[in-house]
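Worksheet: one structure, shown below.
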Amino acid sequence: MAFKLKQIFSRKTASDEVVDDEHSSYKRQLTGWQMKLIAAIAIAMTVFHVWTLGFYSIPTHMLYVLHTGFALVLGFSIYGISKNQAKKGKIAWYDAVLALVSIVITVLQVIYMKDMIMRLGIIINVMDTIIGILMVIMVLELTRRSNGPVLPILSIIFILYARYGNIFKGLLGHKGYSWARIFSFMLTEEALYGVPIQASTRICFLFLVFSAFLMRSGAGNSFIDLSIGAAGKYRGGPAKVAIVSSGLFGTISGNSVANVLATGTFTIPMMKKIGYSPRFAGAVEAVASTGGQIVPPIMGTAAFILASTLGIPYSRVMGAAIIPAILYFIAVFLMVDLEAIRINLKGLPADEIPSVKKILIKRWAHLIPLLALLYCLTVANTSIIRAALIGTAAVIMCTVVYKDKNNMILHPMNIVHGLKDGALGSISIIVACACAGIITGILNLTGTGLKFAGVVISLSSRNLIIALLLTMLVSLILGMGVPTAAAYIITSAICSPALIQLGVSQLAAHMFCFYFACISAITPPVALAAYAGAQLAGDNPMRVGLTACKLGIVAFVVPYMFVFGEELLGTGTFGSIALCVVTSIFGVIVLSMGLMGITFRGIKLPLLHRILFIVASGCLIMPGLNTDLIGLGILAVALVLTLIVGKKQKSTETEEVV
């Protein structure tokens, strides 16, 4: 079948937004034969993964090497060395050389794989060292282009630490390793080809392909229309639309910044149009988009890596994420509603709101793949690989059965687009995982991972609260400009062992690191999702980031809640889980009123009342019957005082009217 490959790069749809990120300005818009060549390589990469993961197995190490090799070849072809160079739209000669070198060292690793596996990390070999050096340099450079400079700088610091660790004294000191030992060790499955790349290969890639096909089918637009139809008519409707649509869209993209760019282009102007300030509009979109990473069934790369690291079914991770995700979005939804009450906002006009019923009747097929995926992961308990393949097949089958002029994937060309999108959308994630693998490799080589755990325990004086605070700070700092997956990998490697030694379960410890890695995207001073929202809203990034932190405050509280009460992770009896959920939701409602300074009846709260509401919410959110009773007592006092204030405000308003 003769496809017009020129169309593969010339058409831009919603799915392109999924793969775009904050460093998309480094991407080249290729044309001519270069465009056709790269499109063909991208399609070959996707077909290779589908075939080897779903139908014909090859040695695992070979799979990881080829997975990374494809990403390097495509990456140096797509990402320019600078923004100005990328604007030229042609592959520079030196990038062509780097792509060719990537092919050569990938082929060498495949040819000599058996011999290399036997000697890597044990016997020093010149060829291994040279390949290791080249791999590390190219991974660092491509990570800089696709994800920014923070992660490569961290990796370089860790490499220098491996070489000159002998100058450190005390707990963090070690004997120091030769350059040859360090770089040859990087090629092992304890380093560059470690857990991050393994999860990227076996899990994340196929889900990115599924997401690409789902977006090409027009599902993103369907989710957005459903959100407008469901929430648009209520007060502050556009903000609620942003929350719902970004949450749904985030389950597909798994990327907070890409989510902001994809949905914020229409939700932020809508919010500003009805009266929300640019600052608040940008913050709402950033918080909702970030929350998409914690919403099952697709929670982004870090969640898959978490399941792979712990060796547990992904369905268990989804189950653990459900209640915290509900609390997160309830809090954001309520705070948006309270802001709408405070500034007296209305919903969208009736003629701008689509019918949910008509959307479901017309576009029901877009929901089938997600339902099929959810069924495979939970009820059928299939492998993650099979679930992703079935989900992708469901997209194609459903869109063939359901014929509509807006359904693009019906045409064979759009299947080609889906294959291409999946590969190109994976590049930044693959190299970030490889770069994070360099860091975890150094931790494994030097044994520093366990030493860091000792440092955390020592600094916390074996106090769990202090250890959790330190872990939170490490995760938020590492998350500044670093992809969520990389921030989680590094933080969990450094801090989770300390939390586990202090009595926290493995799942709770890793979920704690995962949550703060996610919300680092809205935490100043470097809050990438908030910055993207600020850019679209036309406001100061720092102001948007601080407002986003206020709206997403529950995300900073929930991780502590499930560490001390694992009922929120779905662990325990039905009664204990239900009680914990009810009191937590009640606490979130109270916290929202305390933070926003107004009740749902429009009563403005003085400072003392707000403090009482916040304290009461803290007691209700904290697991335990005693704290719940204390919280209810404080809340009762706060409500009585609020009723008195409400009557005074009402009488004052009546006098003003008279």
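Please note that chains go A, B, ... in the order of the structure tokens, that every chain numbers its residues from 1, and that ligands are numbered from 1 in the order shown.
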
### Message
List as a PyMOL selection string the protein and nucleic acid residues near stretch 460-468 of chain A, meaning an atom at most 8 Å away when only C-alpha atoms are counted, but skip any in the same chain fewer than 2 places from it.
### Response
chain A and resi 456-458+470-472+498-499+502+560

### Residue contacts of A:Gly176 (6 Å, only C-alpha atoms) excluding same-chain residues fewer than 6 positions away, as number ranges by chain
A: 162-166

Residues of the last selection are to be written out with N, CA, C and O atoms, as a JSON list (two decimals), in the first residue's frame.
```
[["chain", "number", "residue", "atom", "x", "y", "z"],
["A", 162, "ALA", "N", 31.47, 8.99, 41.93],
["A", 162, "ALA", "CA", 31.96, 7.61, 41.82],
["A", 162, "ALA", "C", 33.47, 7.59, 41.63],
["A", 162, "ALA", "O", 34.16, 6.70, 42.15],
["A", 163, "ARG", "N", 33.99, 8.57, 40.89],
["A", 163, "ARG", "CA", 35.44, 8.59, 40.62],
["A", 163, "ARG", "C", 36.23, 9.12, 41.82],
["A", 163, "ARG", "O", 37.30, 8.60, 42.14],
["A", 164, "TYR", "N", 35.72, 10.15, 42.48],
["A", 164, "TYR", "CA", 36.51, 10.81, 43.53],
["A", 164, "TYR", "C", 35.88, 10.66, 44.91],
["A", 164, "TYR", "O", 36.05, 11.52, 45.78],
["A", 165, "GLY", "N", 35.17, 9.57, 45.12],
["A", 165, "GLY", "CA", 34.54, 9.35, 46.42],
["A", 165, "GLY", "C", 35.52, 9.19, 47.56],
["A", 165, "GLY", "O", 35.15, 9.35, 48.73],
["A", 166, "ASN", "N", 36.78, 8.91, 47.23],
["A", 166, "ASN", "CA", 37.79, 8.73, 48.28],
["A", 166, "ASN", "C", 38.12, 10.02, 49.02],
["A", 166, "ASN", "O", 38.71, 9.99, 50.11]]
```

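Among the candidates A:Phe223, A:Phe564, A:Tyr64, A:Phe185, the one nearest to A:His366 when counting only C-alpha atoms is A:Phe223.
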
### Task
Mind the document's chain letters and residue numbers, and return as a VMD selection string the residues of stretch 297-417 of chain A that DSSP labels alpha helix (DSSP H).
chain A and resid 301 to 310 314 to 342 356 to 363 368 to 377 384 to 401 412 to 417

### Query
Which residue gives the smallest distance to A:Ala509 among A:Phe452, A:Phe329, A:Phe613, A:Phe562, with only C-alpha atoms counted?
A:Phe562

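Closest approach to A:Gly479 among A:Asn444, A:Ser520, A:Ser155, A:Thr378: A:Ser520, based on only C-alpha atoms.
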
### Message
Between atom CA of A:Ile305 and atom CA of A:Ala199, what distance in Å does the model show, to one decimal?
### Response
5.4 Å

### Task
Would you mind listing what lies within 8 Å of stretch 356-361 of chain A as a ChimeraX atom specification, with only C-alpha atoms counted and same-chain residues fewer than 2 positions away left out?
/A:222,225-226,229-230,354,363-364

Restrict the selected residues to C-alpha atoms and save them as a tab-separated table (two decimals), in the first residue's frame.
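Output file selection24.tsv follows:
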```tsv
chain	number	residue	atom	x	y	z
A	222	SER	CA	-14.54	13.70	23.17
A	225	ASP	CA	-16.70	17.89	25.18
A	226	LEU	CA	-17.95	15.52	27.88
A	229	GLY	CA	-21.36	19.12	28.94
A	230	ALA	CA	-21.10	17.76	32.49
A	354	PRO	CA	-23.00	20.28	24.38
A	363	ARG	CA	-18.89	9.00	20.42
A	364	TRP	CA	-19.41	5.98	22.66
```

### Message
Give me the residues near stretch 566-581 of chain A as JSON, numbers by chain, where near means some atom within 7 Å (using only C-alpha atoms) and where sequence neighbours in that chain fewer than 3 positions away do not count.
### Response
{"A": [319, 320, 321, 323, 324, 562, 563, 584, 585, 623]}

Keeping only all heavy atoms, write the selected residues to a file as a tab-separated table (two decimals), in the first residue's frame.
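In the end it all went to result_11.tsv:
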```
chain	number	residue	atom	x	y	z
A	319	GLY	N	-5.14	0.50	42.44
A	319	GLY	CA	-6.02	0.44	43.61
A	319	GLY	C	-5.55	1.37	44.71
A	319	GLY	O	-6.36	2.03	45.38
A	320	ALA	N	-4.22	1.45	44.89
A	320	ALA	CA	-3.68	2.32	45.93
A	320	ALA	C	-3.84	3.80	45.58
A	320	ALA	O	-3.89	4.65	46.47
A	320	ALA	CB	-2.19	2.01	46.14
A	321	ALA	N	-3.96	4.11	44.29
A	321	ALA	CA	-4.02	5.51	43.86
A	321	ALA	C	-5.43	6.07	43.82
A	321	ALA	O	-5.61	7.29	43.77
A	321	ALA	CB	-3.39	5.64	42.48
A	323	ILE	N	-8.18	6.30	45.98
A	323	ILE	CA	-8.69	7.17	47.05
A	323	ILE	C	-7.91	8.49	47.13
A	323	ILE	O	-8.52	9.56	47.19
A	323	ILE	CB	-8.69	6.44	48.40
A	323	ILE	CG1	-9.61	5.21	48.33
A	323	ILE	CG2	-9.13	7.37	49.52
A	323	ILE	CD1	-9.55	4.33	49.57
A	324	PRO	N	-6.56	8.46	47.12
A	324	PRO	CA	-5.83	9.74	47.11
A	324	PRO	C	-6.19	10.63	45.92
A	324	PRO	O	-6.29	11.85	46.06
A	324	PRO	CB	-4.36	9.30	47.06
A	324	PRO	CG	-4.35	7.96	47.71
A	324	PRO	CD	-5.63	7.32	47.29
A	562	PHE	N	-1.59	8.65	54.01
A	562	PHE	CA	-1.56	7.21	53.75
A	562	PHE	C	-0.33	6.52	54.35
A	562	PHE	O	-0.29	5.30	54.44
A	562	PHE	CB	-1.74	6.88	52.27
A	562	PHE	CG	-0.71	7.42	51.31
A	562	PHE	CD1	0.62	7.07	51.38
A	562	PHE	CD2	-1.12	8.24	50.26
A	562	PHE	CE1	1.53	7.53	50.46
A	562	PHE	CE2	-0.20	8.71	49.33
A	562	PHE	CZ	1.13	8.35	49.43
A	563	VAL	N	0.68	7.28	54.75
A	563	VAL	CA	1.78	6.66	55.48
A	563	VAL	C	1.32	6.24	56.88
A	563	VAL	O	1.64	5.15	57.35
A	563	VAL	CB	3.00	7.61	55.56
A	563	VAL	CG1	4.00	7.12	56.63
A	563	VAL	CG2	3.69	7.71	54.21
A	584	SER	N	-11.91	11.62	55.81
A	584	SER	CA	-10.94	12.36	55.00
A	584	SER	C	-11.64	13.30	54.04
A	584	SER	O	-11.22	14.46	53.86
A	584	SER	CB	-10.05	11.38	54.22
A	584	SER	OG	-9.27	10.60	55.10
A	585	ILE	N	-12.71	12.82	53.39
A	585	ILE	CA	-13.47	13.69	52.49
A	585	ILE	C	-14.08	14.85	53.25
A	585	ILE	O	-14.05	16.01	52.80
A	585	ILE	CB	-14.57	12.87	51.76
A	585	ILE	CG1	-13.94	11.90	50.77
A	585	ILE	CG2	-15.54	13.81	51.03
A	585	ILE	CD1	-14.93	10.99	50.09
A	623	PRO	N	-5.66	9.99	60.25
A	623	PRO	CA	-6.32	8.74	60.60
A	623	PRO	C	-6.38	8.52	62.12
A	623	PRO	O	-5.47	8.90	62.85
A	623	PRO	CB	-5.44	7.66	59.94
A	623	PRO	CG	-4.68	8.38	58.88
A	623	PRO	CD	-4.47	9.77	59.41
```

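Using only C-alpha atoms, the residues found no farther than 8 Å from A:Gly587, other than those of its own chain fewer than 5 positions away, are A:Ala616, A:Ser617, A:Gly618, A:Cys619, A:Leu620, A:Ile621.
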
Based on the selection just made, write C-alpha atoms of those residues as a CSV table (one decimal), in the first residue's frame.
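So out09.csv came out as:
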```
chain,number,residue,atom,x,y,z
A,616,ALA,CA,-10.4,20.8,62.5
A,617,SER,CA,-9.7,19.6,58.9
A,618,GLY,CA,-6.2,18.5,60.0
A,619,CYS,CA,-7.7,16.4,62.8
A,620,LEU,CA,-10.4,14.9,60.5
A,621,ILE,CA,-7.9,14.1,57.8
```

### Message
At a cut-off of 12 Å, using only C-alpha atoms, what residues contact A:Val104? Leave out same-chain residues fewer than 6 positions from it and give the result as a ChimeraX atom specification.
### Response
/A:65-66,69-70,72-73,97-98,110-111,131,134-135

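Counting only C-alpha atoms, the residue from A:Leu30, A:Ala340, A:Ala303, A:Ile630 that sits nearest to A:Ala86 is A:Leu30.
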
#### Entry: atom CA of A:Met622 to atom CA of A:Ile634, straight-line distance in Å
14.1 Å
